[in-house]
Amino acid sequence: MLSRRHIRVKVMQVLYAFRGSESDDFSKDQKFLMYSIDNMYNLYLLMMSLLIEVHKKAENYLEKSQKKHLATNEEKNPNRKFINNELMLLLRGDKQLEKEFESYKIKNWELDGEYVEVIFKAIVTSDLYLEYMQTKTSDFKKDKEFVISIFKEVVAPNEKLYDYIEDKNLTWLDDLPTVNTFILKRFKKAKPSSGSESHFTTPLYKDIEDKEYALNLFKKTLLNQSVLANEISKKTKNWDSERIANIDHVLLKMAICELKSFPSIPTKVTINEYLEISKEYSTPKSSIFINGILDKLVKEYQEKGKLNKVGRGLM
């Protein structure tokens, strides 16, 4: 679920907040980094549990309508298309996902049920829902397409839900786009199944190397701050240091560290990744500035044989 770019962003945020020197104890900052990354999985589970609770609410709503003393014919014989949506039933029946909810203590909607109501109302009043409910036939493919559309157009962009997530955990704001994208990928890959396999549980890291990469990038950048800062200063002699954005300093240190200390990561990948991050998190001109510095350094490292990249096409 976690991409290398998201790992870089997480490391950048902790390094930006760090106020000590390379000789200071940074164990608390390292723990916060790992907590911030690991907590991303909690957000994924939170969003999945929200969808399940919304589906349960829809079912309860129909049941209460049927039990009305003066129920209309439509209420007595309601349209159960959404209730019988095959993808939603697959999601609700995922036992492994249910265990994850219990393990990570995902119980938010017991206390904050008003947000379940908000999303439920937003769904049932949407044109997508009305159009879906009017069609007589349905199959797994169409049910899946509906859930994907509803999630993209109604759930993910909901401002009240966004505010709730921001209030619960500030680090989740940067995680939300990645989590939402991953949820959509899981939905798209889901297939009808009567077995016990889980369609919706996933490891946070693609492999152990990604977790090691996060720790190493953080530690190596932090432990070599003075050397990395000197590398930057040699290429910015004509720049007023106070005019260089602090976030640009952090990104440059990380990029230089990655160029020199991570032989398996291609040079072009490193440069492109930090340019994209700067476009999102720094000033409008930061990407041009960072690209210019890194371009000069790469040429210098290549001439002096300091780029020890392993594998074909890594330069």
# chains A, B, ... in the order shown; residues from 1 in each chain; ligands from 1
call {"tool": "residues_around", "arguments": {"residues": "Gln134 of chain A", "least_positions_apart": "4", "cutoff": "12 Å", "atoms": "only C-alpha atoms", "output": "VMD selection string"}}
result
chain A and resid 79 to 82 127 to 130 138
call {"tool": "write_last_selection", "arguments": {"atoms": "C-alpha atoms", "output": "mmCIF file, in the first residue's frame"}}
result
data_model
loop_
_atom_site.group_PDB
_atom_site.id
_atom_site.type_symbol
_atom_site.label_atom_id
_atom_site.label_comp_id
_atom_site.auth_asym_id
_atom_site.auth_seq_id
_atom_site.Cartn_x
_atom_site.Cartn_y
_atom_site.Cartn_z
ATOM 1 C CA ASN A 79 -35.815 -1.910 -3.337
ATOM 2 C CA ARG A 80 -32.993 -3.978 -1.846
ATOM 3 C CA LYS A 81 -30.528 -3.505 -4.675
ATOM 4 C CA PHE A 82 -28.006 -1.576 -2.605
ATOM 5 C CA ASP A 127 -27.718 10.889 -8.804
ATOM 6 C CA LEU A 128 -25.413 7.857 -8.962
ATOM 7 C CA TYR A 129 -27.500 6.063 -6.338
ATOM 8 C CA LEU A 130 -30.830 6.996 -7.894
ATOM 9 C CA SER A 138 -27.383 -6.326 -11.649
#
call {"tool": "residues_around", "arguments": {"residues": "Gln225 of chain A", "least_positions_apart": "5", "cutoff": "8 Å", "atoms": "only C-alpha atoms", "output": "ChimeraX atom specification"}}
result
/A:21-22,253
call {"tool": "select_by_dssp", "arguments": {"residues": "segment 43-231 of chain A", "states": "helix (DSSP H, G or I)", "output": "NGL selection string"}}
result
:A and (43-66 or 73-76 or 86-92 or 95-103 or 108-111 or 113-124 or 127-134 or 140-155 or 159-168 or 172-189 or 208-223 or 225-231)
call {"tool": "atom_distance", "arguments": {"atom1": "atom CA of Lys296 of chain A", "atom2": "atom CA of Val14 of chain A"}}
result
26.9 Å
call {"tool": "closest_residue", "arguments": {"among": "A:Asp248, A:Leu228, A:Leu222, A:Ala122", "to": "Arg19 of chain A", "atoms": "only C-alpha atoms"}}
result
A:Leu222
call {"tool": "closest_residue", "arguments": {"among": "A:Tyr115, A:Tyr301, A:Trp109, A:Phe187", "to": "Phe146 of chain A", "atoms": "only C-alpha atoms"}}
result
A:Phe187
call {"tool": "closest_residue", "arguments": {"among": "A:Ile83, A:Asp38, A:Asp295, A:Leu62", "to": "Asp143 of chain A", "atoms": "only C-alpha atoms"}}
result
A:Ile83
call {"tool": "closest_residue", "arguments": {"among": "A:Ser287, A:Ser103, A:Asn42, A:Asn224", "to": "Asp175 of chain A", "atoms": "only C-alpha atoms"}}
result
A:Asn42
call {"tool": "atom_distance", "arguments": {"atom1": "atom CA of Asn169 of chain A", "atom2": "atom CA of Leu204 of chain A"}}
result
18.0 Å
call {"tool": "closest_residue", "arguments": {"among": "A:Glu59, A:Asp210, A:Glu231, A:Glu98", "to": "Ile256 of chain A", "atoms": "only C-alpha atoms"}}
result
A:Glu231
call {"tool": "closest_residue", "arguments": {"among": "A:Trp239, A:Tyr132, A:Phe140, A:Tyr164", "to": "Leu46 of chain A", "atoms": "only C-alpha atoms"}}
result
A:Tyr164
